[in-house]
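> So that you have it, the file is run.cif, and it contains mmCIF, C-alpha atoms:
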data_final
loop_
_atom_site.label_atom_id
_atom_site.label_comp_id
_atom_site.auth_asym_id
_atom_site.auth_seq_id
_atom_site.Cartn_x
_atom_site.Cartn_y
_atom_site.Cartn_z
CA MET T 1 -96.80 -63.29 80.68
CA TYR T 2 -95.93 -66.89 81.61
CA LYS T 3 -96.76 -67.98 78.11
CA ASN T 4 -94.46 -65.29 76.69
CA LYS T 5 -91.60 -66.38 78.95
CA LYS T 6 -92.12 -70.00 77.93
CA ALA T 7 -92.17 -69.04 74.26
CA GLU T 8 -88.98 -67.02 74.71
CA ILE T 9 -87.14 -69.96 76.32
CA ALA T 10 -88.39 -72.27 73.56
CA GLY T 11 -87.18 -69.74 70.98
CA ILE T 12 -83.71 -69.59 72.56
CA VAL T 13 -83.45 -73.39 72.75
CA ILE T 14 -84.49 -73.72 69.09
CA THR T 15 -81.94 -71.05 68.09
CA ILE T 16 -79.16 -72.89 69.97
CA VAL T 17 -80.10 -76.16 68.24
CA ILE T 18 -80.15 -74.42 64.84
CA LEU T 19 -76.74 -72.82 65.58
CA ILE T 20 -75.23 -76.20 66.51
CA LEU T 21 -76.65 -77.75 63.32
CA ILE T 22 -75.32 -74.88 61.17
CA VAL T 23 -71.86 -75.23 62.75
CA ILE T 24 -71.81 -79.02 62.23
CA PHE T 25 -73.07 -78.92 58.63
CA SER T 26 -70.96 -75.93 57.58
CA ASN T 27 -67.76 -77.58 58.82
CA THR T 28 -68.42 -81.09 57.48
CA ASP T 29 -66.51 -81.79 54.29
CA SER T 30 -68.99 -84.26 52.85
CA GLU T 31 -72.50 -83.57 54.02
CA ILE T 32 -73.85 -86.44 51.96
CA SER T 33 -71.70 -89.01 53.75
CA PHE T 34 -72.83 -87.47 57.05
CA LEU T 35 -76.47 -87.94 56.04
CA ASP T 36 -75.69 -91.45 54.82
CA ASN T 37 -74.16 -92.25 58.14
CA ALA T 38 -77.13 -90.85 60.08
CA ALA T 39 -79.60 -92.76 57.90
CA SER T 40 -77.68 -96.00 58.26
CA LYS T 41 -77.55 -95.50 62.06
CA LEU T 42 -81.34 -95.24 62.05
CA VAL T 43 -82.04 -98.16 59.73
CA MET T 44 -79.30 -100.68 60.53
CA PRO T 45 -80.42 -101.75 64.05
CA VAL T 46 -83.87 -102.61 62.71
CA GLN T 47 -82.31 -104.37 59.74
CA ASN T 48 -80.00 -106.37 62.01
CA GLY T 49 -82.92 -107.40 64.22
CA LEU T 50 -84.93 -108.56 61.23
CA THR T 51 -81.99 -110.58 59.88
CA TYR T 52 -81.50 -112.19 63.30
CA LEU T 53 -85.18 -113.18 63.44
CA LYS T 54 -85.04 -114.54 59.92
CA ASN T 55 -82.02 -116.69 60.82
CA LYS T 56 -83.78 -118.06 63.90
CA ILE T 57 -86.90 -118.99 62.00
CA SER T 58 -84.93 -120.70 59.30
CA GLY T 59 -83.53 -123.05 61.98
CA ASN T 60 -80.14 -121.58 62.74
CA SER T 61 -78.51 -124.20 65.02
CA THR T 62 -76.51 -121.68 67.06
CA PHE T 63 -79.78 -120.65 68.75
CA PHE T 64 -79.80 -123.90 70.73
CA THR T 65 -76.30 -123.57 72.19
CA ASP T 66 -76.02 -124.33 75.88
CA ILE T 67 -76.83 -121.13 77.83
CA ASN T 68 -74.59 -122.03 80.79
CA ASN T 69 -71.55 -122.35 78.56
CA LEU T 70 -72.32 -119.05 76.99
CA LYS T 71 -72.61 -117.34 80.38
CA GLN T 72 -69.23 -118.67 81.48
CA GLU T 73 -67.65 -117.71 78.20
CA ASN T 74 -69.21 -114.28 78.46
CA GLU T 75 -67.70 -113.69 81.92
CA GLU T 76 -64.26 -114.72 80.71
CA LEU T 77 -64.52 -112.49 77.70
CA SER T 78 -65.68 -109.52 79.79
CA LYS T 79 -62.67 -109.96 82.06
CA ARG T 80 -60.32 -110.24 79.11
CA ASN T 81 -61.96 -107.21 77.54
CA SER T 82 -61.37 -104.99 80.57
CA GLU T 83 -57.71 -106.12 80.67
CA LEU T 84 -57.32 -105.26 77.00
CA GLU T 85 -58.99 -101.89 77.49
CA GLN T 86 -56.53 -101.10 80.25
CA SER T 87 -53.57 -102.02 77.99
CA LEU T 88 -55.10 -99.99 75.18
CA ARG T 89 -55.30 -96.89 77.37
CA GLU T 90 -51.65 -97.29 78.34
CA LEU T 91 -50.68 -97.76 74.70
CA GLU T 92 -52.67 -94.68 73.64
CA SER T 93 -50.79 -92.57 76.15
CA ILE T 94 -47.39 -93.95 74.99
CA LYS T 95 -48.41 -93.46 71.35
CA SER T 96 -49.30 -89.81 71.85
CA GLU T 97 -46.02 -89.16 73.70
CA ASN T 98 -44.11 -90.99 70.94
CA GLU T 99 -45.81 -88.93 68.21
CA THR T 100 -44.83 -85.63 69.83
CA LEU T 101 -41.21 -86.76 70.24
CA LYS T 102 -41.09 -88.08 66.67
CA GLU T 103 -42.47 -84.80 65.39
CA TYR T 104 -39.69 -82.88 67.13
CA LEU T 105 -37.06 -85.37 65.90
CA GLY T 106 -38.40 -85.32 62.33
CA LEU T 107 -38.35 -81.55 62.27
CA THR T 108 -34.80 -81.33 63.58
CA GLU T 109 -33.49 -83.96 61.13
CA LYS T 110 -35.18 -82.40 58.11
CA TYR T 111 -33.77 -78.94 58.74
CA GLY T 112 -30.50 -80.14 60.29
CA GLU T 113 -28.45 -77.31 58.78
CA TYR T 114 -30.33 -74.75 60.86
CA SER T 115 -30.16 -74.42 64.59
CA THR T 116 -33.72 -74.36 65.83
CA VAL T 117 -35.83 -73.86 68.94
CA PRO T 118 -38.99 -76.01 69.23
CA ALA T 119 -42.21 -74.31 70.30
CA TYR T 120 -45.92 -74.86 70.84
CA ILE T 121 -48.67 -72.61 69.52
CA ILE T 122 -50.44 -71.23 72.58
CA ASN T 123 -52.82 -68.70 71.03
CA LYS T 124 -54.39 -67.92 67.69
CA ASP T 125 -55.81 -64.68 66.29
CA ILE T 126 -59.43 -64.00 67.20
CA SER T 127 -60.15 -62.15 63.95
CA ASN T 128 -61.46 -63.70 60.74
CA TYR T 129 -59.20 -61.54 58.59
CA SER T 130 -55.73 -61.97 60.04
CA LYS T 131 -53.82 -65.15 60.82
CA THR T 132 -51.21 -64.58 63.48
CA VAL T 133 -50.29 -67.06 66.21
CA VAL T 134 -48.48 -66.80 69.53
CA ILE T 135 -45.79 -69.37 70.45
CA ASN T 136 -44.44 -70.28 73.87
CA VAL T 137 -40.81 -69.18 73.35
CA GLY T 138 -39.46 -65.64 73.56
CA SER T 139 -36.37 -63.51 73.95
CA ASP T 140 -35.26 -65.63 76.95
CA ASP T 141 -34.93 -68.56 74.51
CA GLY T 142 -32.96 -66.50 71.99
CA ILE T 143 -35.90 -65.60 69.76
CA LYS T 144 -35.69 -62.33 67.85
CA GLU T 145 -37.90 -60.45 65.38
CA ASN T 146 -37.90 -61.64 61.75
CA MET T 147 -36.73 -65.17 62.59
CA THR T 148 -38.25 -67.81 60.32
CA VAL T 149 -40.77 -70.28 61.74
CA ILE T 150 -41.21 -73.71 60.12
CA ALA T 151 -43.10 -76.94 60.71
CA ASP T 152 -42.43 -80.52 59.61
CA GLN T 153 -44.18 -79.99 56.26
CA GLY T 154 -42.78 -76.54 55.44
CA LEU T 155 -42.84 -72.80 56.01
CA VAL T 156 -45.14 -71.33 58.70
CA GLY T 157 -44.17 -67.64 58.88
CA HIS T 158 -41.89 -65.24 60.71
CA VAL T 159 -41.64 -63.66 64.14
CA ILE T 160 -43.04 -60.11 64.26
CA SER T 161 -42.71 -59.30 67.95
CA VAL T 162 -41.18 -60.89 71.03
CA THR T 163 -41.73 -60.77 74.79
CA SER T 164 -39.50 -62.51 77.33
CA ASP T 165 -41.38 -65.80 77.02
CA THR T 166 -43.70 -65.55 74.02
CA ALA T 167 -43.38 -64.53 70.38
CA LYS T 168 -45.99 -63.39 67.86
CA VAL T 169 -45.73 -65.07 64.46
CA ARG T 170 -47.29 -63.73 61.25
CA THR T 171 -48.18 -66.85 59.25
CA ILE T 172 -47.74 -66.93 55.47
CA ILE T 173 -51.54 -67.21 55.08
CA ASP T 174 -52.09 -63.81 56.73
CA THR T 175 -53.35 -61.30 54.16
CA SER T 176 -50.50 -58.91 54.93
CA SER T 177 -47.87 -61.61 54.34
CA SER T 178 -45.85 -61.75 51.14
CA VAL T 179 -43.17 -64.38 50.39
CA SER T 180 -40.77 -64.41 47.46
CA CYS T 181 -40.77 -67.96 46.03
CA LEU T 182 -39.42 -70.13 43.21
CA LEU T 183 -41.16 -72.79 41.15
CA SER T 184 -39.02 -75.89 41.68
CA THR T 185 -39.29 -77.23 38.11
CA THR T 186 -38.60 -74.05 36.15
CA ASP T 187 -36.89 -71.86 38.76
CA GLU T 188 -39.32 -69.08 37.79
CA SER T 189 -39.75 -66.44 40.45
CA ILE T 190 -43.22 -65.73 41.93
CA VAL T 191 -44.64 -63.87 44.93
CA CYS T 192 -47.01 -65.73 47.27
CA LYS T 193 -49.47 -63.62 49.25
CA GLY T 194 -51.98 -64.57 51.94
CA THR T 195 -55.60 -64.61 50.77
CA LEU T 196 -59.08 -64.67 52.27
CA GLU T 197 -60.18 -66.98 49.46
CA GLU T 198 -59.22 -70.25 51.09
CA GLU T 199 -57.80 -71.42 54.40
CA SER T 200 -54.30 -72.91 54.00
CA ALA T 201 -53.84 -71.39 50.54
CA LEU T 202 -51.78 -68.58 49.03
CA LYS T 203 -52.24 -66.42 45.97
CA ALA T 204 -49.21 -66.63 43.64
CA MET T 205 -48.78 -63.34 41.79
CA TYR T 206 -46.53 -62.37 38.89
CA ILE T 207 -46.60 -65.89 37.48
CA PRO T 208 -44.89 -66.60 34.12
CA ASP T 209 -46.95 -65.79 30.98
CA ASP T 210 -46.09 -68.95 29.08
CA ASP T 211 -46.83 -72.53 30.08
CA GLY T 212 -44.04 -72.48 32.65
CA ILE T 213 -46.43 -73.18 35.49
CA ILE T 214 -48.12 -76.52 35.98
CA GLN T 215 -50.52 -77.92 38.51
CA GLY T 216 -48.74 -79.74 41.32
CA ASP T 217 -45.48 -77.82 40.85
CA SER T 218 -43.59 -77.51 44.12
CA VAL T 219 -43.05 -73.98 45.48
CA GLU T 220 -40.04 -73.06 47.65
CA THR T 221 -38.73 -69.88 49.21
CA SER T 222 -36.30 -67.98 46.97
CA GLY T 223 -34.25 -66.42 49.77
CA LEU T 224 -34.98 -62.91 48.46
CA GLY T 225 -36.49 -60.34 50.80
CA GLY T 226 -34.17 -60.88 53.72
CA ILE T 227 -36.54 -62.78 56.02
CA TYR T 228 -36.89 -66.36 54.79
CA PRO T 229 -33.84 -68.52 53.92
CA LYS T 230 -33.71 -70.18 50.49
CA GLY T 231 -35.16 -73.63 49.79
CA ILE T 232 -37.87 -73.99 52.43
CA HIS T 233 -40.89 -75.83 51.07
CA VAL T 234 -43.99 -73.61 50.90
CA GLY T 235 -46.54 -75.76 49.08
CA SER T 236 -47.66 -76.79 45.60
CA ILE T 237 -49.60 -75.16 42.75
CA LYS T 238 -53.27 -76.10 43.12
CA ARG T 239 -54.70 -74.30 40.10
CA VAL T 240 -54.01 -71.44 37.74
CA VAL T 241 -56.68 -68.74 37.44
CA ASN T 242 -56.70 -67.07 34.02
CA THR T 243 -58.05 -63.54 33.76
CA GLN T 244 -58.83 -61.29 30.78
CA ASN T 245 -55.67 -59.35 31.41
CA ALA T 246 -52.67 -61.72 31.21
CA THR T 247 -50.68 -59.77 33.79
CA ASP T 248 -53.45 -60.28 36.39
CA ARG T 249 -53.22 -64.07 36.02
CA TYR T 250 -52.60 -65.78 39.33
CA ALA T 251 -52.28 -69.25 40.81
CA ILE T 252 -53.53 -70.73 44.05
CA VAL T 253 -50.80 -72.43 46.06
CA GLU T 254 -51.90 -75.04 48.56
CA THR T 255 -49.66 -74.65 51.60
CA ALA T 256 -47.72 -77.71 52.72
CA VAL T 257 -48.61 -76.90 56.32
CA ASP T 258 -52.18 -77.53 57.46
CA PHE T 259 -52.68 -74.39 59.54
CA ASP T 260 -55.88 -75.72 61.10
CA LYS T 261 -54.04 -78.56 62.78
CA LEU T 262 -50.74 -76.82 63.40
CA ASP T 263 -49.56 -76.97 67.00
CA THR T 264 -45.79 -77.65 66.98
CA VAL T 265 -43.27 -75.43 65.20
CA LEU T 266 -39.52 -74.72 65.04
CA VAL T 267 -37.97 -71.27 65.07
CA ILE T 268 -34.76 -71.01 63.01
CA THR T 269 -32.27 -69.05 65.08
CA ASN T 270 -29.16 -69.11 62.83
CA GLN T 271 -30.38 -68.11 59.40
CA MET Q 1 -68.81 -48.11 95.37
CA LYS Q 2 -71.52 -49.92 93.43
CA LYS Q 3 -70.16 -48.43 90.21
CA PHE Q 4 -66.73 -49.81 91.10
CA ILE Q 5 -68.12 -53.32 91.59
CA MET Q 6 -70.01 -52.97 88.30
CA ASN Q 7 -66.75 -52.14 86.54
CA ILE Q 8 -65.07 -55.19 88.11
CA PHE Q 9 -67.92 -57.29 86.69
CA ILE Q 10 -67.46 -55.74 83.24
CA ILE Q 11 -63.70 -56.48 83.32
CA LEU Q 12 -64.39 -60.07 84.43
CA ALA Q 13 -66.94 -60.42 81.62
CA ALA Q 14 -64.31 -59.15 79.15
CA PHE Q 15 -61.89 -61.88 80.31
CA ILE Q 16 -64.54 -64.58 79.97
CA ILE Q 17 -65.43 -63.29 76.49
CA TYR Q 18 -61.76 -63.32 75.47
CA PHE Q 19 -61.29 -66.94 76.53
CA LEU Q 20 -64.56 -67.94 74.85
CA GLN Q 21 -63.51 -66.23 71.62
CA ALA Q 22 -59.95 -67.62 71.67
CA ASN Q 23 -60.74 -71.17 72.71
CA PHE Q 24 -64.36 -72.10 72.06
CA PHE Q 25 -65.37 -70.01 69.04
CA ASN Q 26 -62.04 -70.78 67.41
CA TRP Q 27 -63.40 -74.23 66.51
CA PHE Q 28 -67.17 -73.69 66.92
CA THR Q 29 -67.30 -71.83 63.62
CA ILE Q 30 -69.70 -71.48 60.71
CA SER Q 31 -67.67 -72.46 57.61
CA GLY Q 32 -64.50 -71.52 59.49
CA ILE Q 33 -65.84 -68.05 60.41
CA MET Q 34 -65.92 -66.93 64.05
CA PRO Q 35 -68.40 -64.46 65.56
CA SER Q 36 -67.07 -61.19 66.95
CA LEU Q 37 -68.06 -61.23 70.61
CA PHE Q 38 -66.19 -58.04 71.47
CA VAL Q 39 -68.27 -55.98 69.04
CA ILE Q 40 -71.45 -57.18 70.79
CA PHE Q 41 -69.87 -56.57 74.19
CA ILE Q 42 -68.70 -53.00 73.54
CA LEU Q 43 -71.99 -52.13 71.81
CA PHE Q 44 -73.82 -53.41 74.86
CA ILE Q 45 -71.63 -51.39 77.30
CA GLY Q 46 -72.05 -48.23 75.23
CA LEU Q 47 -75.81 -48.74 74.98
CA PHE Q 48 -76.43 -49.22 78.67
CA SER Q 49 -73.80 -46.94 80.25
CA ASN Q 50 -72.83 -43.69 78.53
CA ARG Q 51 -70.74 -42.44 75.62
CA ILE Q 52 -67.51 -41.90 77.58
CA THR Q 53 -67.63 -45.34 79.24
CA GLY Q 54 -68.40 -47.02 75.91
CA VAL Q 55 -65.49 -45.30 74.15
CA VAL Q 56 -63.06 -45.88 77.07
CA TYR Q 57 -63.90 -49.60 77.27
CA GLY Q 58 -63.73 -49.89 73.49
CA VAL Q 59 -60.30 -48.27 73.26
CA VAL Q 60 -58.85 -50.10 76.29
CA ILE Q 61 -60.14 -53.57 75.37
CA GLY Q 62 -59.24 -53.03 71.70
CA GLY Q 63 -55.75 -51.87 72.74
CA ILE Q 64 -55.25 -54.94 74.92
CA LEU Q 65 -56.38 -57.20 72.04
CA ASP Q 66 -53.88 -55.43 69.75
CA LEU Q 67 -51.13 -56.07 72.28
CA VAL Q 68 -52.00 -59.69 73.01
CA ILE Q 69 -52.69 -61.00 69.52
CA GLY Q 70 -52.91 -58.17 66.98
CA THR Q 71 -50.23 -57.17 64.54
CA GLN Q 72 -50.46 -53.39 64.87
CA ILE Q 73 -51.34 -51.47 68.01
CA GLY Q 74 -54.34 -49.26 67.43
CA ILE Q 75 -56.39 -51.11 64.83
CA ASN Q 76 -58.77 -52.88 67.22
CA ALA Q 77 -58.58 -49.96 69.65
CA VAL Q 78 -59.87 -47.55 66.99
CA GLY Q 79 -62.48 -50.04 65.73
CA LEU Q 80 -63.95 -50.85 69.14
CA GLY Q 81 -63.66 -47.20 70.30
CA ILE Q 82 -65.85 -46.15 67.38
CA ILE Q 83 -68.36 -48.89 68.27
CA GLY Q 84 -68.49 -47.55 71.86
CA PHE Q 85 -69.16 -44.08 70.46
CA LEU Q 86 -71.81 -45.31 68.03
CA ALA Q 87 -73.57 -47.30 70.76
CA ALA Q 88 -74.40 -44.12 72.67
CA THR Q 89 -75.81 -42.60 69.45
CA PHE Q 90 -77.93 -45.73 68.90
CA ASP Q 91 -79.15 -45.42 72.50
CA LYS Q 92 -80.38 -41.86 71.93
CA ASN Q 93 -82.27 -42.72 68.76
CA PHE Q 94 -83.58 -46.26 69.26
CA SER Q 95 -85.28 -48.31 71.98
CA LYS Q 96 -83.26 -51.06 73.65
CA ASP Q 97 -86.36 -52.93 74.77
CA SER Q 98 -86.84 -54.78 71.53
CA ARG Q 99 -84.75 -57.74 70.48
CA ALA Q 100 -85.19 -56.78 66.84
CA THR Q 101 -83.75 -53.29 67.42
CA ILE Q 102 -80.73 -54.72 69.26
CA MET Q 103 -80.26 -57.14 66.35
CA PHE Q 104 -80.25 -54.25 63.87
CA MET Q 105 -77.73 -52.42 66.05
CA VAL Q 106 -75.46 -55.51 66.16
CA LEU Q 107 -75.77 -55.86 62.39
CA GLY Q 108 -74.74 -52.23 61.89
CA ALA Q 109 -71.97 -52.35 64.51
CA THR Q 110 -70.39 -55.55 63.11
CA PHE Q 111 -70.55 -54.12 59.59
CA ILE Q 112 -68.97 -50.81 60.58
CA TYR Q 113 -66.30 -52.40 62.83
CA GLU Q 114 -65.10 -54.91 60.23
CA ILE Q 115 -64.99 -52.28 57.48
CA ILE Q 116 -62.94 -49.93 59.70
CA VAL Q 117 -60.51 -52.73 60.68
CA TYR Q 118 -60.22 -53.92 57.06
CA ILE Q 119 -59.49 -50.38 55.77
CA LEU Q 120 -56.94 -49.75 58.56
CA ASN Q 121 -55.24 -53.08 57.77
CA TYR Q 122 -55.15 -52.12 54.11
CA ILE Q 123 -53.58 -48.74 54.92
CA VAL Q 124 -51.02 -50.12 57.39
CA PHE Q 125 -50.05 -53.40 55.71
CA SER Q 126 -51.07 -52.80 52.05
CA THR Q 127 -53.08 -56.02 52.03
CA ASN Q 128 -54.80 -57.17 48.84
CA ILE Q 129 -58.34 -55.91 48.45
CA GLU Q 130 -60.58 -58.97 48.12
CA ILE Q 131 -64.10 -57.55 48.09
CA ILE Q 132 -66.00 -60.78 47.39
CA ASN Q 133 -64.19 -62.82 50.03
CA PHE Q 134 -64.46 -59.97 52.52
CA VAL Q 135 -68.21 -59.67 51.97
CA ARG Q 136 -68.66 -63.47 52.27
CA ILE Q 137 -66.82 -63.56 55.60
CA LEU Q 138 -68.58 -60.41 56.85
CA ALA Q 139 -72.03 -61.82 55.98
CA ILE Q 140 -71.40 -65.07 57.87
CA GLU Q 141 -69.94 -63.15 60.81
CA ILE Q 142 -73.01 -60.88 60.97
CA ILE Q 143 -75.37 -63.87 60.84
CA TYR Q 144 -73.38 -65.58 63.61
CA ASN Q 145 -73.48 -62.42 65.78
CA LEU Q 146 -77.24 -62.10 65.23
CA ILE Q 147 -77.82 -65.72 66.27
CA LEU Q 148 -75.81 -65.09 69.44
CA VAL Q 149 -77.87 -61.97 70.19
CA ILE Q 150 -81.08 -63.99 69.91
CA ILE Q 151 -79.68 -66.46 72.44
CA LEU Q 152 -78.05 -63.96 74.81
CA TYR Q 153 -80.66 -61.17 74.70
CA PRO Q 154 -82.34 -61.96 78.08
CA LEU Q 155 -78.93 -62.06 79.81
CA MET Q 156 -77.80 -58.87 78.06
CA GLN Q 157 -81.00 -57.08 79.03
CA LYS Q 158 -80.75 -58.07 82.70
CA PHE Q 159 -77.09 -57.16 83.07
CA GLY Q 160 -77.60 -54.08 80.91
CA TYR Q 161 -80.33 -52.59 83.07
CA ALA Q 162 -78.15 -53.09 86.15
CA ILE Q 163 -75.39 -51.10 84.41
CA GLU Q 164 -77.90 -48.47 83.25
CA ASN Q 165 -79.21 -47.92 86.79
CA GLU Q 166 -75.67 -47.27 87.99
CA TYR Q 167 -74.61 -45.00 85.19
CA LYS Q 168 -77.78 -43.12 84.35
CA GLY Q 169 -79.99 -43.43 87.44
CA ASN Q 170 -82.72 -40.80 87.30
CA LYS Q 171 -81.59 -39.67 83.85
CA ILE Q 172 -83.39 -42.59 82.22
CA LEU Q 173 -86.03 -40.62 80.31
CA THR Q 174 -88.47 -43.48 79.82
CA ARG Q 175 -89.03 -43.56 83.57
CA TYR Q 176 -90.85 -40.24 83.39
CA PHE Q 177 -93.29 -41.31 80.67
#
Just dump the structure as structure tokens.

Amino acid sequence: MYKNKKAEIAGIVITIVILILIVIFSNTDSEISFLDNAASKLVMPVQNGLTYLKNKISGNSTFFTDINNLKQENEELSKRNSELEQSLRELESIKSENETLKEYLGLTEKYGEYSTVPAYIINKDISNYSKTVVINVGSDDGIKENMTVIADQGLVGHVISVTSDTAKVRTIIDTSSSVSCLLSTTDESIVCKGTLEEESALKAMYIPDDDGIIQGDSVETSGLGGIYPKGIHVGSIKRVVNTQNATDRYAIVETAVDFDKLDTVLVITNQ
Amino acid sequence: MKKFIMNIFIILAAFIIYFLQANFFNWFTISGIMPSLFVIFILFIGLFSNRITGVVYGVVIGGILDLVIGTQIGINAVGLGIIGFLAATFDKNFSKDSRATIMFMVLGATFIYEIIVYILNYIVFSTNIEIINFVRILAIEIIYNLILVIILYPLMQKFGYAIENEYKGNKILTRYF
């Protein structure tokens, strides 16, 4: 019985370790560099020690430096180090505050023609298939349904429901979202839909048959559809996927906004 | 009275699960895919209590999720309500004393729940059908749920039998054999 209990605990611990490893490896962009890093962490201390020894044996003169001087110097440096660390902490705090303020300022300047309300994302969808977010402004702040939500880099989505102090936003990467867009170089009209294929990507449907679409082309809202105003940056063409049937051809649009890191947005209130 | 306290515990557990799902499992993902803790939770309530309790908790919790973060009221409520209903059926036909059986039930429940929610989303919002991507996400989600069941099984069993004693008492058939 005891043995069984022990085996069960060991099994659970092993499963937790495996889960942590799966999560780390599955979310690391370059597994090879991660392995490289781990290997170098293992090998480098030994390598450093061996190099140090080699230098000593070959008569490195710094080995014979006066120990008392070194001790004194070390104390001074430690003191200086703690002072610098203190300043660094203060600077970090100022830097973070400055970044938030700059982000707000940048957003307001870029979309100066619109009157906007800044907001923070306070909640994200708990499902793997839909991408809605909740922001910390609501009807008390003048937010209404169907208002456009943007970020510094471009379009985020639109408001679908409002309470007195929160609003639910359907992002453009949600699979039920559909945005009418224009290709900036050719002014060709396309429709960008949310897809499960990639995070922070859209599927551009009804793309032109000819060579009117090129990789890297900028995509903007067309103003059609009645929700999004014209000219808001959506993203850029990442690749064109050719199918047997020419009408089924589609392109993947990489969104300008990185939805994984998105935390500050602006709601356009006068569109 | 004891049943009332048990229900308070279940509601508290639901809150904890919500915050875990919304804050921790939002970044502790496998390839960006989260597990579905509420499917495990409702399955577990339905298994250890009775059909009505499972369905009621499924519909209420699903409804609250629809209100708080969902886009259409009813989608999660229907999905989780069906899981509560299925759990009681699983209970009648399978033993809960084996980890492997519970894992099979979680596999089936996650599969059924996600398919129901996906079909309802398709009907309501006319989303694109993306079978391959859907299956990829579903497979990872099922694996993640199964790993969590392996880890949480002792806790689930302990809490589950406490619920079962309250709800079923002397109706637990295995006690007579």
> When the cut-off is 8 Å and we count only C-alpha atoms, which residues of chain Q are near chain T, given as a VMD selection string?
chain Q and resid 21 to 22 26 28 to 34 36 69 to 71 118 125 to 128 130 133 to 134 137 147 150 to 151
> How would the residues just chosen look if you wrote them out with C-alpha atoms as a PDB file, in the coordinates of the input?

ATOM      1  CA  GLN Q  21     -63.510 -66.230  71.620  1.00  0.00           C
ATOM      2  CA  ALA Q  22     -59.950 -67.620  71.670  1.00  0.00           C
ATOM      3  CA  ASN Q  26     -62.040 -70.780  67.410  1.00  0.00           C
ATOM      4  CA  PHE Q  28     -67.170 -73.690  66.920  1.00  0.00           C
ATOM      5  CA  THR Q  29     -67.300 -71.830  63.620  1.00  0.00           C
ATOM      6  CA  ILE Q  30     -69.700 -71.480  60.710  1.00  0.00           C
ATOM      7  CA  SER Q  31     -67.670 -72.460  57.610  1.00  0.00           C
ATOM      8  CA  GLY Q  32     -64.500 -71.520  59.490  1.00  0.00           C
ATOM      9  CA  ILE Q  33     -65.840 -68.050  60.410  1.00  0.00           C
ATOM     10  CA  MET Q  34     -65.920 -66.930  64.050  1.00  0.00           C
ATOM     11  CA  SER Q  36     -67.070 -61.190  66.950  1.00  0.00           C
ATOM     12  CA  ILE Q  69     -52.690 -61.000  69.520  1.00  0.00           C
ATOM     13  CA  GLY Q  70     -52.910 -58.170  66.980  1.00  0.00           C
ATOM     14  CA  THR Q  71     -50.230 -57.170  64.540  1.00  0.00           C
ATOM     15  CA  TYR Q 118     -60.220 -53.920  57.060  1.00  0.00           C
ATOM     16  CA  PHE Q 125     -50.050 -53.400  55.710  1.00  0.00           C
ATOM     17  CA  SER Q 126     -51.070 -52.800  52.050  1.00  0.00           C
ATOM     18  CA  THR Q 127     -53.080 -56.020  52.030  1.00  0.00           C
ATOM     19  CA  ASN Q 128     -54.800 -57.170  48.840  1.00  0.00           C
ATOM     20  CA  GLU Q 130     -60.580 -58.970  48.120  1.00  0.00           C
ATOM     21  CA  ASN Q 133     -64.190 -62.820  50.030  1.00  0.00           C
ATOM     22  CA  PHE Q 134     -64.460 -59.970  52.520  1.00  0.00           C
ATOM     23  CA  ILE Q 137     -66.820 -63.560  55.600  1.00  0.00           C
ATOM     24  CA  ILE Q 147     -77.820 -65.720  66.270  1.00  0.00           C
ATOM     25  CA  ILE Q 150     -81.080 -63.990  69.910  1.00  0.00           C
ATOM     26  CA  ILE Q 151     -79.680 -66.460  72.440  1.00  0.00           C
TER      27      ILE Q 151
END
> Quote the spacing between CA of Glu166 in chain Q and CA of Lys3 in chain Q in Å to one decimal place.
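Here the two named atoms are 6.1 Å from each other.
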> Quick one: which residues end up in the PyMOL selection byres ((chain Q and resi 39-41) around 8) for this structure, as a list in words?
Ala14, Ser36, Leu37, Phe38, Ile42, Leu43, Phe44, Ile45, Leu80, Ile83, Val106, Ala109, Thr110, Tyr113 and Asn145 of chain Q
> Quick one: pull the distance between CA of Leu86 in chain Q and CA of Val124 in chain Q, Å, one decimal.
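According to the coordinates, CA of Leu86 in chain Q and CA of Val124 in chain Q are separated by 23.8 Å.
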> For Tyr167 in chain Q, find every residue with an atom within 10 Å (counting all atoms listed in the file), except residues of its own chain fewer than 5 positions away, and show them as a ChimeraX atom specification.
/Q:3,6,48-50,53,161-162,172
> Keeping only C-alpha atoms, write the selected residues to a file as a tab-separated table (two decimals), keeping the file's coordinate frame.

chain	number	residue	atom	x	y	z
Q	3	LYS	CA	-70.16	-48.43	90.21
Q	6	MET	CA	-70.01	-52.97	88.30
Q	48	PHE	CA	-76.43	-49.22	78.67
Q	49	SER	CA	-73.80	-46.94	80.25
Q	50	ASN	CA	-72.83	-43.69	78.53
Q	53	THR	CA	-67.63	-45.34	79.24
Q	161	TYR	CA	-80.33	-52.59	83.07
Q	162	ALA	CA	-78.15	-53.09	86.15
Q	172	ILE	CA	-83.39	-42.59	82.22
> Could you give me, as a short mmCIF file (atom, residue, chain, number, x, y, z; two decimals) with C-alpha atoms, in the coordinates of the input, the residues within 7 Å of Asn146 in chain T, counting all atoms listed in the file and dropping anything in the same chain fewer than 4 positions from it?

data_model
loop_
_atom_site.label_atom_id
_atom_site.label_comp_id
_atom_site.auth_asym_id
_atom_site.auth_seq_id
_atom_site.Cartn_x
_atom_site.Cartn_y
_atom_site.Cartn_z
CA HIS T 158 -41.89 -65.24 60.71
CA VAL T 159 -41.64 -63.66 64.14
CA ILE T 160 -43.04 -60.11 64.26
CA ILE T 227 -36.54 -62.78 56.02
#
